[in-house]
$ cat start20.txt   # compact mmCIF, C-alpha atoms
# COMPACT_ATOMS: atom_id res chain seq x y z
CA MET S 1 -1.22 33.12 106.57
CA LEU S 2 -3.08 30.31 108.30
CA ARG S 3 0.00 29.17 110.22
CA ASP S 4 0.64 32.69 111.49
CA ALA S 5 -3.02 33.27 112.39
CA LEU S 6 -3.21 29.99 114.39
CA SER S 7 0.13 30.27 116.15
CA ALA S 8 -0.01 30.21 119.97
CA GLU S 9 1.23 33.77 120.30
CA SER S 10 -1.30 35.13 117.85
CA LEU S 11 -4.22 33.22 119.39
CA ILE S 12 -3.35 34.28 122.97
CA THR S 13 -3.06 37.91 121.90
CA ARG S 14 -6.34 38.02 119.98
CA LEU S 15 -8.40 35.93 122.41
CA THR S 16 -7.40 38.28 125.23
CA ASP S 17 -9.74 40.87 123.67
CA GLU S 18 -12.13 38.59 121.76
CA SER S 19 -14.05 35.48 122.84
CA ARG S 20 -14.19 34.04 119.31
CA ILE S 21 -12.15 34.54 116.14
CA HIS S 22 -12.60 33.31 112.57
CA VAL S 23 -9.92 32.78 109.95
CA ASN S 24 -10.89 32.12 106.33
CA TYR S 25 -8.52 30.19 104.08
CA ARG S 26 -8.49 28.22 100.85
CA ILE S 27 -7.36 24.72 99.97
CA ASN S 28 -6.35 23.88 96.42
CA HIS S 29 -7.19 20.37 95.19
CA GLY S 30 -5.42 20.42 91.87
CA ASP S 31 -7.34 22.96 89.79
CA VAL S 32 -10.26 23.08 92.26
CA THR S 33 -10.32 25.61 95.10
CA GLU S 34 -12.26 24.91 98.31
CA TYR S 35 -13.13 27.71 100.73
CA CYS S 36 -12.70 26.81 104.42
CA GLN S 37 -12.86 28.50 107.83
CA ALA S 38 -11.07 27.99 111.12
CA THR S 39 -12.93 29.07 114.27
CA VAL S 40 -11.25 29.41 117.65
CA VAL S 41 -13.32 29.87 120.86
CA ARG S 42 -11.87 30.98 124.20
CA GLY S 43 -12.67 28.67 127.13
CA GLY S 44 -11.97 28.23 130.84
CA ASP S 45 -10.77 30.92 133.23
CA TRP S 46 -8.92 33.25 130.99
CA PRO S 47 -6.12 34.34 131.29
CA GLN S 48 -5.22 31.97 134.19
CA ALA S 49 -5.56 29.06 131.76
CA HIS S 50 -5.36 29.51 128.02
CA ASN S 51 -8.02 26.95 127.10
CA MET S 52 -9.40 27.15 123.58
CA VAL S 53 -11.45 25.07 121.15
CA LEU S 54 -10.40 24.94 117.46
CA GLY S 55 -12.84 23.92 114.74
CA LEU S 56 -12.18 23.57 111.01
CA ARG S 57 -15.00 23.42 108.45
CA SER S 58 -15.74 23.85 104.77
CA VAL S 59 -17.66 27.02 103.89
CA ASP S 60 -17.37 26.49 100.16
CA VAL S 61 -21.12 26.50 99.39
CA GLN S 62 -21.87 29.56 101.52
CA THR S 63 -18.86 31.46 100.19
CA ARG S 64 -19.72 30.77 96.56
CA GLU S 65 -23.35 31.82 97.15
CA GLU S 66 -22.14 35.05 98.73
CA MET S 67 -19.76 35.63 95.82
CA LYS S 68 -22.63 35.06 93.40
CA LYS S 69 -24.89 37.46 95.30
CA LYS S 70 -22.10 40.03 95.37
CA ALA S 71 -21.62 39.67 91.62
CA LEU S 72 -25.36 40.09 91.05
CA LEU S 73 -25.42 43.17 93.27
CA GLU S 74 -22.45 44.64 91.42
CA GLU S 75 -24.18 43.93 88.08
CA ALA S 76 -27.40 45.51 89.37
CA LEU S 77 -25.43 48.56 90.53
CA THR S 78 -23.74 48.81 87.14
CA GLN S 79 -27.09 48.60 85.35
CA ALA S 80 -28.61 51.17 87.71
CA ASN S 81 -25.71 53.54 87.08
CA LYS S 82 -26.11 53.06 83.33
CA ALA S 83 -29.86 53.71 83.60
CA ASN S 84 -29.24 56.85 85.64
CA ALA S 85 -26.67 58.05 83.14
CA ALA S 86 -29.09 57.36 80.26
CA LYS S 87 -31.90 59.23 82.03
CA SER S 88 -29.59 62.14 82.76
CA ALA S 89 -28.60 62.29 79.10
CA PHE S 90 -32.28 61.98 78.16
CA LEU S 91 -33.28 64.87 80.43
CA SER S 92 -30.45 66.94 79.00
CA ASN S 93 -31.65 66.26 75.46
CA MET S 94 -35.31 66.70 76.36
CA SER S 95 -34.66 70.06 77.99
CA HIS S 96 -33.66 71.26 74.54
CA ASP S 97 -36.33 69.34 72.64
CA ILE S 98 -39.19 70.61 74.81
CA ARG S 99 -37.84 74.14 74.98
CA THR S 100 -37.60 74.38 71.17
CA PRO S 101 -41.36 74.07 70.39
CA MET S 102 -42.21 76.03 73.55
CA ASN S 103 -40.02 78.92 72.39
CA ALA S 104 -41.72 78.77 68.99
CA ILE S 105 -45.19 78.83 70.56
CA VAL S 106 -44.38 81.77 72.83
CA GLY S 107 -42.48 83.64 70.12
CA PHE S 108 -45.07 83.30 67.36
CA THR S 109 -47.88 84.10 69.81
CA THR S 110 -46.13 87.36 70.62
CA LEU S 111 -45.59 88.11 66.94
CA ALA S 112 -49.25 87.34 66.09
CA ALA S 113 -50.47 89.65 68.86
CA SER S 114 -48.31 92.48 67.54
CA ARG S 115 -49.54 92.08 63.95
CA LEU S 116 -53.30 91.81 64.31
CA ASP S 117 -53.67 94.24 61.38
CA GLN S 118 -51.88 91.76 59.07
CA PRO S 119 -54.23 88.74 58.71
CA GLU S 120 -51.88 86.83 56.40
CA LYS S 121 -49.03 87.07 58.88
CA VAL S 122 -51.30 86.10 61.79
CA GLU S 123 -52.49 83.04 59.86
CA GLU S 124 -48.89 82.05 59.09
CA TYR S 125 -47.90 82.41 62.75
CA LEU S 126 -50.94 80.41 63.90
CA ASN S 127 -50.02 77.57 61.55
CA LYS S 128 -46.50 77.52 62.99
CA ILE S 129 -47.90 77.58 66.53
CA LYS S 130 -50.13 74.62 65.64
CA SER S 131 -47.18 72.68 64.20
CA SER S 132 -45.02 73.36 67.26
CA SER S 133 -47.88 72.43 69.60
CA THR S 134 -48.41 69.13 67.79
CA HIS S 135 -44.72 68.30 68.12
CA LEU S 136 -44.68 69.23 71.82
CA LEU S 137 -47.74 67.05 72.42
CA SER S 138 -46.05 64.09 70.71
CA LEU S 139 -43.03 64.46 73.02
CA ILE S 140 -45.25 64.49 76.11
CA ASN S 141 -47.35 61.55 74.83
CA ASP S 142 -44.21 59.44 74.36
CA ILE S 143 -43.08 60.15 77.91
CA LEU S 144 -46.54 59.32 79.32
CA ASP S 145 -46.83 56.14 77.22
CA MET S 146 -43.48 54.90 78.52
CA SER S 147 -44.48 55.74 82.09
CA HIS S 148 -47.80 53.87 81.75
CA ILE S 149 -46.13 50.82 80.21
CA GLU S 150 -43.46 50.63 82.92
CA SER S 151 -46.10 50.95 85.66
CA GLY S 152 -48.23 48.19 84.10
CA LYS S 153 -51.20 50.46 83.39
CA VAL S 154 -51.42 49.53 79.69
CA SER S 155 -53.63 46.56 78.75
CA LEU S 156 -54.64 45.03 75.44
CA ASP S 157 -58.16 45.36 74.01
CA GLU S 158 -58.44 42.53 71.50
CA GLN S 159 -61.36 42.72 69.05
CA PRO S 160 -62.10 40.99 65.72
CA TYR S 161 -60.39 42.83 62.88
CA ASN S 162 -59.16 42.34 59.35
CA LEU S 163 -55.39 42.77 59.05
CA VAL S 164 -55.59 43.84 55.40
CA ASP S 165 -58.10 46.55 56.36
CA LEU S 166 -55.78 47.60 59.18
CA LEU S 167 -52.92 48.12 56.74
CA ASP S 168 -55.21 49.86 54.25
CA ASP S 169 -56.13 52.34 56.99
CA LEU S 170 -52.43 52.74 57.77
CA TYR S 171 -51.74 53.51 54.11
CA SER S 172 -54.38 56.25 54.19
CA ILE S 173 -52.71 57.80 57.24
CA ILE S 174 -49.14 57.71 55.89
CA GLN S 175 -49.59 58.19 52.15
CA ALA S 176 -50.09 61.97 52.25
CA GLU S 177 -46.90 62.52 54.26
CA THR S 178 -44.82 60.18 52.10
CA SER S 179 -46.00 62.04 49.00
CA ALA S 180 -45.16 65.39 50.60
CA ARG S 181 -41.66 64.10 51.37
CA GLN S 182 -41.31 62.71 47.81
CA LEU S 183 -40.99 59.12 49.02
CA TYR S 184 -42.27 55.92 47.40
CA PHE S 185 -44.54 54.02 49.80
CA SER S 186 -46.05 50.57 49.30
CA ILE S 187 -47.83 47.86 51.31
CA ASN S 188 -47.82 44.18 50.34
CA THR S 189 -50.26 41.67 51.91
CA GLU S 190 -50.42 39.07 49.11
CA SER S 191 -49.17 36.10 51.14
CA VAL S 192 -51.78 36.43 53.92
CA ARG S 193 -54.32 33.59 53.88
CA HIS S 194 -56.18 34.24 57.15
CA THR S 195 -56.92 37.96 57.40
CA GLU S 196 -59.56 37.81 60.15
CA VAL S 197 -57.95 37.89 63.61
CA ARG S 198 -58.52 39.10 67.14
CA CYS S 199 -56.07 41.88 67.90
CA ASP S 200 -55.62 45.26 69.54
CA LYS S 201 -55.78 47.43 66.43
CA LEU S 202 -54.74 50.56 68.32
CA ARG S 203 -51.55 48.99 69.66
CA ILE S 204 -50.58 47.34 66.37
CA ASN S 205 -51.14 50.69 64.67
CA GLN S 206 -48.96 52.35 67.30
CA ILE S 207 -46.17 49.83 66.67
CA LEU S 208 -46.29 50.28 62.89
CA LEU S 209 -46.64 54.07 63.07
CA ASN S 210 -43.59 54.27 65.34
CA LEU S 211 -41.57 52.21 62.86
CA LEU S 212 -42.89 54.18 59.88
CA GLY S 213 -42.26 57.45 61.71
CA ASN S 214 -38.56 56.60 61.93
CA ALA S 215 -38.51 55.58 58.27
CA LEU S 216 -40.07 58.92 57.30
CA LYS S 217 -37.59 60.88 59.40
CA PHE S 218 -34.46 59.19 58.14
CA THR S 219 -35.23 58.55 54.46
CA ASN S 220 -34.24 61.21 51.95
CA PRO S 221 -36.51 62.32 49.06
CA GLY S 222 -36.66 59.72 46.30
CA GLY S 223 -36.26 56.86 48.77
CA PHE S 224 -38.49 53.83 49.29
CA ILE S 225 -40.53 52.75 52.32
CA LYS S 226 -42.23 49.37 52.23
CA VAL S 227 -44.51 47.47 54.62
CA THR S 228 -44.90 43.73 54.04
CA LEU S 229 -47.26 41.39 55.88
CA ASP S 230 -46.53 37.66 55.60
CA GLU S 231 -48.37 34.72 57.16
CA LEU S 232 -45.89 32.15 58.47
CA PRO S 233 -46.35 28.40 58.97
CA GLY S 234 -46.24 26.64 62.32
CA ALA S 235 -49.01 28.47 64.20
CA PRO S 236 -51.02 26.58 66.87
CA VAL S 237 -54.54 25.48 65.96
CA GLY S 238 -56.87 28.45 65.92
CA TYR S 239 -54.01 30.95 65.61
CA GLY S 240 -51.97 32.55 62.85
CA ARG S 241 -48.32 33.64 62.82
CA TYR S 242 -47.79 36.98 61.12
CA ARG S 243 -44.62 38.85 60.21
CA PHE S 244 -44.75 42.62 59.70
CA THR S 245 -41.69 44.04 57.94
CA VAL S 246 -41.08 47.79 57.71
CA SER S 247 -38.08 48.59 55.51
CA ASP S 248 -36.62 51.77 54.07
CA THR S 249 -33.69 53.01 52.01
CA GLY S 250 -32.75 55.67 54.56
CA ILE S 251 -29.50 56.64 56.22
CA GLY S 252 -29.33 53.51 58.38
CA MET S 253 -27.74 53.13 61.81
CA SER S 254 -24.32 52.29 63.18
CA PRO S 255 -23.82 48.73 64.50
CA GLU S 256 -23.06 50.16 67.96
CA PHE S 257 -26.39 51.97 68.12
CA VAL S 258 -28.40 49.01 66.77
CA GLU S 259 -27.41 47.08 69.92
CA HIS S 260 -29.13 49.71 72.09
CA ILE S 261 -31.97 50.88 69.86
CA PHE S 262 -34.66 49.38 72.11
CA ASP S 263 -33.20 50.85 75.32
CA PRO S 264 -35.26 53.67 76.85
CA PHE S 265 -33.96 57.21 76.37
CA GLU S 266 -31.42 56.15 73.73
CA ARG S 267 -30.82 58.25 70.62
CA GLU S 268 -27.90 57.96 68.23
CA ARG S 269 -27.64 61.71 67.81
CA THR S 270 -29.34 64.56 69.58
CA SER S 271 -31.73 66.76 67.67
CA THR S 272 -29.26 69.59 68.20
CA ILE S 273 -26.75 67.80 65.94
CA SER S 274 -29.01 65.99 63.49
CA GLY S 275 -31.95 68.40 63.35
CA ILE S 276 -34.27 65.37 63.74
CA GLN S 277 -36.49 65.64 66.77
CA GLY S 278 -37.71 62.89 69.06
CA THR S 279 -37.66 61.58 72.60
CA GLY S 280 -35.67 58.40 72.07
CA LEU S 281 -38.61 56.52 73.59
CA GLY S 282 -40.41 55.39 70.42
CA MET S 283 -38.46 52.16 69.97
CA ALA S 284 -38.60 51.32 73.69
CA ILE S 285 -42.39 51.79 73.62
CA THR S 286 -42.61 49.65 70.48
CA LYS S 287 -40.53 46.86 72.07
CA ASN S 288 -42.68 46.89 75.21
CA LEU S 289 -45.91 46.70 73.19
CA VAL S 290 -44.56 43.77 71.13
CA ASP S 291 -43.53 42.02 74.37
CA MET S 292 -47.05 42.56 75.76
CA MET S 293 -48.39 40.69 72.71
CA HIS S 294 -45.84 37.88 73.31
CA GLY S 295 -44.20 38.70 69.97
CA THR S 296 -40.67 39.45 68.82
CA ILE S 297 -39.04 42.43 67.14
CA SER S 298 -35.66 42.61 65.42
CA VAL S 299 -33.76 45.11 63.31
CA LYS S 300 -31.18 45.02 60.53
CA SER S 301 -29.52 48.20 59.41
CA THR S 302 -26.64 49.30 57.18
CA GLN S 303 -25.39 52.84 57.29
CA GLY S 304 -26.09 54.63 54.03
CA LYS S 305 -28.34 51.84 52.71
CA GLY S 306 -31.36 51.56 54.99
CA THR S 307 -33.07 49.78 57.85
CA SER S 308 -35.51 46.90 58.18
CA PHE S 309 -37.61 46.15 61.27
CA THR S 310 -39.34 42.78 61.63
CA VAL S 311 -42.21 42.17 64.06
CA GLU S 312 -43.63 38.66 64.50
CA LEU S 313 -46.95 38.14 66.31
CA THR S 314 -49.12 35.11 66.95
CA LEU S 315 -52.76 36.21 66.79
CA GLN S 316 -55.96 34.30 67.47
CA LEU S 317 -58.04 33.74 64.35
CA ALA S 318 -61.51 35.30 64.36
CA CYS S 319 -64.65 34.00 62.67
CA GLU S 320 -65.51 36.05 59.59
CA GLY S 321 -68.99 36.83 60.88
CA ALA S 322 -67.69 38.60 63.98
CA THR S 323 -65.23 40.66 61.96
CA ALA S 324 -67.85 41.53 59.36
CA ALA S 325 -70.20 42.71 62.10
CA ALA S 326 -67.43 44.84 63.59
CA GLN S 327 -66.67 46.33 60.18
CA GLU S 328 -70.35 47.07 59.56
CA ALA S 329 -70.62 48.84 62.91
CA LYS S 330 -67.51 50.82 62.04
CA THR S 331 -68.89 52.04 58.73
CA GLN S 332 -72.27 53.16 60.05
CA HIS S 333 -72.71 56.93 59.80
CA VAL S 334 -74.69 59.11 62.17
CA ASP S 335 -77.74 60.74 60.61
CA PRO S 336 -77.87 64.50 61.32
CA SER S 337 -81.52 64.06 62.29
CA HIS S 338 -80.47 61.67 65.07
CA ARG S 339 -82.45 61.97 68.31
CA LEU S 340 -79.38 63.40 70.11
CA ARG S 341 -79.87 66.58 68.10
CA HIS S 342 -81.93 68.20 70.86
CA SER S 343 -80.01 66.72 73.76
CA ARG S 344 -77.89 68.61 76.26
CA ILE S 345 -74.20 67.97 76.86
CA LEU S 346 -72.50 68.29 80.23
CA LEU S 347 -68.77 68.86 79.78
CA VAL S 348 -66.63 69.13 82.91
CA ASP S 349 -63.08 70.47 83.16
CA ASP S 350 -61.32 72.11 86.09
CA ASN S 351 -59.22 74.34 83.82
CA ASP S 352 -60.69 77.66 82.66
CA LEU S 353 -58.75 77.71 79.38
CA ASN S 354 -59.78 74.15 78.52
CA ARG S 355 -63.43 75.01 79.18
CA GLU S 356 -63.22 78.06 76.93
CA ILE S 357 -61.70 76.02 74.09
CA ALA S 358 -64.27 73.22 74.51
CA ILE S 359 -67.22 75.63 74.54
CA THR S 360 -66.04 77.35 71.36
CA LEU S 361 -65.46 74.04 69.57
CA LEU S 362 -68.90 72.76 70.59
CA GLU S 363 -70.55 75.99 69.47
CA ASP S 364 -68.80 75.73 66.09
CA GLU S 365 -69.92 72.11 65.77
CA ALA S 366 -73.50 72.95 66.74
CA SER S 367 -73.89 75.97 64.43
CA PRO S 368 -74.84 73.97 61.28
CA TRP S 369 -77.53 72.18 63.31
CA ASN S 370 -79.11 75.49 64.29
CA THR S 371 -79.71 76.62 60.72
CA PRO S 372 -83.35 76.65 59.55
$ encode --input "start20.txt" --output "C-alpha cells"
Amino acid sequence: MLRDALSAESLITRLTDESRIHVNYRINHGDVTEYCQATVVRGGDWPQAHNMVLGLRSVDVQTREEMKKKALLEEALTQANKANAAKSAFLSNMSHDIRTPMNAIVGFTTLAASRLDQPEKVEEYLNKIKSSSTHLLSLINDILDMSHIESGKVSLDEQPYNLVDLLDDLYSIIQAETSARQLYFSINTESVRHTEVRCDKLRINQILLNLLGNALKFTNPGGFIKVTLDELPGAPVGYGRYRFTVSDTGIGMSPEFVEHIFDPFERERTSTISGIQGTGLGMAITKNLVDMMHGTISVKSTQGKGTSFTVELTLQLACEGATAAAQEAKTQHVDPSHRLRHSRILLVDDNDLNREIAITLLEDEASPWNTP
C-alpha cells in the first residue's frame, strides 16, 4: 500500500490537484506495531517541474491517543444509548404505574358522588381513594428525590443522635405493617458500643425504609425480616464504623438482576406482570444517599431463599451530653395553653384547592381550642 501510494505516477497524479498529501502506515517490530505517516509536499513550478518534499515520521503517540479517545467516545455513546433505553422502558412502565392509581382515584370519586345516600359505600370508596393517592404520591416523590440527587440539590443535615433510638423509631414505623402482613420482624443492636453519633437521621431512615420496603413487598406471609446493627473495628479516632444489615426470607432476585439493582429505572419485572408496584428508583436513591455519606452498600440474594443488603457507614461520634439535649428537646410536648393559642396564622398557596383543604384542616385543628 505504501509503495503504491508513494510511486512516481501516483504522486504526480495526486499532487496535480493537491498541494500536500498524507499516507498513514504501520511498521511491525516483532509483536509491537508502530504507527507512522508519510507526508509529501508539492514544490517548485508545478507542473513544469515535479519538485516534491517527502517526510516520514512516527505518529504512534498521537494515533494511540486518538484511538483511546475514540474508544472512550464509543463507550460513552453505548452507555448513553443504554441509559436512553432504560429511561424509555421506565417511562413505559411508569405510564402504567401512574395511570393505575389515577384511574382508581377518578373511578372511586365518580362512584362516591353517585352514592351519596349510602354512607358506608362512600366511606369505603374514600378509603380506597386515600390508598391510591398515597401510592401515587410515593411514585412522584421517588421521581423527585432522584431528580434532586442527580442535580446535587440534596445535602446532609448531621445532628447528634442515638442509633439505637433511631432503630427503635424504625421498629415503631414498620411493626404494624409487618404484623398485618403476618411477617416476623426483629432488630438487633447488641454489638453496638458507641451509640451516640452525628448523623442525618432522615437520610439513614430513608435508606433503611427503602430496604425494608422491598423486604415487605417480596416476603410472603410467615417469612422473616431482620435488621442488625453491628459496630466494626478499625474506625479513625473520634469515629465509629457501623454495619446495617437488612435481610429477609423473600423470593430473592436473579443473579442477572442483582448486577443492575442499583441502576436508575431498573426493575426485574413490571408491576403489570408481578402485581408489585414501584418506580424502580428506590435502590438507585438508596445507593446515591449511601455514596453521599461516603459509605458502601452491597447485596446478596438467592432466588426462593431471600435477600440481604449490607450498608457500612463511618459516622462521627457525638458527646453524650449533646445527644441527650437533642433527645430532651425532641420529647418536649407543647402545652395547649401555649401563648400561640391566640396567634394568627398566615398560610399562602397559589392553588385554590390547596387553600380550601388547608383552611378546613386548620379549622378542624382549631375547633377543640375554641371550646369553653
$ residues_around --input "start20.txt" --residues "Arg241 of chain S" --least-positions-apart "2" --cutoff "10 Å" --atoms "only C-alpha atoms" --output "list in words"
Val192, His194, Asp230, Glu231, Leu232, Pro233, Gly234, Ala235, Pro236, Tyr239, Arg243, Gly295, Glu312, Leu313, Thr314, Leu315, Gln316 and Leu317 of chain S
$ residues_around --input "start20.txt" --residues "segment 183-191 of chain S" --least-positions-apart "3" --cutoff "6 Å" --atoms "all atoms listed in the file" --output "PDB file with C-alpha atoms, keeping the file's coordinate frame"
ATOM      1  CA  THR S 178     -44.820  60.180  52.100  1.00  0.00           C
ATOM      2  CA  SER S 179     -46.000  62.040  49.000  1.00  0.00           C
ATOM      3  CA  PRO S 221     -36.510  62.320  49.060  1.00  0.00           C
ATOM      4  CA  GLY S 222     -36.660  59.720  46.300  1.00  0.00           C
ATOM      5  CA  GLY S 223     -36.260  56.860  48.770  1.00  0.00           C
ATOM      6  CA  PHE S 224     -38.490  53.830  49.290  1.00  0.00           C
ATOM      7  CA  ILE S 225     -40.530  52.750  52.320  1.00  0.00           C
ATOM      8  CA  LYS S 226     -42.230  49.370  52.230  1.00  0.00           C
ATOM      9  CA  VAL S 227     -44.510  47.470  54.620  1.00  0.00           C
ATOM     10  CA  THR S 228     -44.900  43.730  54.040  1.00  0.00           C
ATOM     11  CA  LEU S 229     -47.260  41.390  55.880  1.00  0.00           C
ATOM     12  CA  ASP S 230     -46.530  37.660  55.600  1.00  0.00           C
TER      13      ASP S 230
END
$ atom_distance --input "start20.txt" --atom1 "atom CA of Arg20 of chain S" --atom2 "atom CA of Trp46 of chain S"
12.8 Å
$ atom_distance --input "start20.txt" --atom1 "atom CA of Ser254 of chain S" --atom2 "atom CA of Glu74 of chain S"
29.3 Å
$ closest_residue --input "start20.txt" --among "S:Leu77, S:Leu281, S:Pro160, S:His50" --to "Ser138 of chain S" --atoms "only C-alpha atoms"
S:Leu281
$ closest_residue --input "start20.txt" --among "S:Met293, S:Val197, S:Leu216, S:Val40" --to "Asp165 of chain S" --atoms "only C-alpha atoms"
S:Val197
$ atom_distance --input "start20.txt" --atom1 "atom CA of Glu66 of chain S" --atom2 "atom CA of Leu15 of chain S"
27.4 Å
$ residues_around --input "start20.txt" --residues "Arg203 of chain S" --least-positions-apart "5" --cutoff "10 Å" --atoms "all atoms listed in the file" --output "PyMOL selection string"
chain S and resi 155-158+208-209+286+289-290+292-293
$ closest_residue --input "start20.txt" --among "S:Glu365, S:Ala176, S:Asp169, S:His260" --to "Leu202 of chain S" --atoms "all atoms listed in the file"
S:Asp169
$ closest_residue --input "start20.txt" --among "S:Gln62, S:Thr109, S:Asn141, S:Asn214" --to "Lys128 of chain S" --atoms "only C-alpha atoms"
S:Thr109
$ closest_residue --input "start20.txt" --among "S:Gln175, S:Ser88, S:Ser7, S:Thr100" --to "Leu54 of chain S" --atoms "all atoms listed in the file"
S:Ser7
$ residues_around --input "start20.txt" --residues "Leu126 of chain S" --least-positions-apart "6" --cutoff "10 Å" --atoms "all atoms listed in the file" --output "list in words"
Ile105, Phe108, Thr109, Leu111, Ala112, Glu120 and Ser132 of chain S
$ build_atoms --input "start20.txt" --residues "segment 204-218 of chain S" --atoms "N, CA and C atoms" --output "CSV table (one decimal), keeping the file's coordinate frame"
chain,number,residue,atom,x,y,z
S,204,ILE,N,-51.3,47.7,67.6
S,204,ILE,CA,-50.6,47.3,66.4
S,204,ILE,C,-50.3,48.6,65.5
S,205,ASN,N,-51.3,49.4,65.4
S,205,ASN,CA,-51.1,50.7,64.7
S,205,ASN,C,-50.0,51.5,65.3
S,206,GLN,N,-50.0,51.6,66.6
S,206,GLN,CA,-49.0,52.4,67.3
S,206,GLN,C,-47.6,51.8,67.0
S,207,ILE,N,-47.4,50.5,67.0
S,207,ILE,CA,-46.2,49.8,66.7
S,207,ILE,C,-45.7,50.2,65.3
S,208,LEU,N,-46.6,50.0,64.3
S,208,LEU,CA,-46.3,50.3,62.9
S,208,LEU,C,-46.1,51.8,62.6
S,209,LEU,N,-46.8,52.6,63.3
S,209,LEU,CA,-46.6,54.1,63.1
S,209,LEU,C,-45.3,54.5,63.7
S,210,ASN,N,-44.9,53.9,64.8
S,210,ASN,CA,-43.6,54.3,65.3
S,210,ASN,C,-42.5,53.9,64.4
S,211,LEU,N,-42.6,52.7,63.8
S,211,LEU,CA,-41.6,52.2,62.9
S,211,LEU,C,-41.6,53.1,61.6
S,212,LEU,N,-42.8,53.4,61.1
S,212,LEU,CA,-42.9,54.2,59.9
S,212,LEU,C,-42.5,55.6,60.2
S,213,GLY,N,-42.7,56.1,61.4
S,213,GLY,CA,-42.3,57.4,61.7
S,213,GLY,C,-40.8,57.6,61.6
S,214,ASN,N,-40.0,56.6,62.1
S,214,ASN,CA,-38.6,56.6,61.9
S,214,ASN,C,-38.2,56.5,60.5
S,215,ALA,N,-38.8,55.7,59.7
S,215,ALA,CA,-38.5,55.6,58.3
S,215,ALA,C,-38.7,56.9,57.6
S,216,LEU,N,-39.8,57.6,57.9
S,216,LEU,CA,-40.1,58.9,57.3
S,216,LEU,C,-39.0,59.9,57.7
S,217,LYS,N,-38.6,59.9,58.9
S,217,LYS,CA,-37.6,60.9,59.4
S,217,LYS,C,-36.2,60.7,58.7
S,218,PHE,N,-35.8,59.5,58.5
S,218,PHE,CA,-34.5,59.2,58.1
S,218,PHE,C,-34.3,58.7,56.7
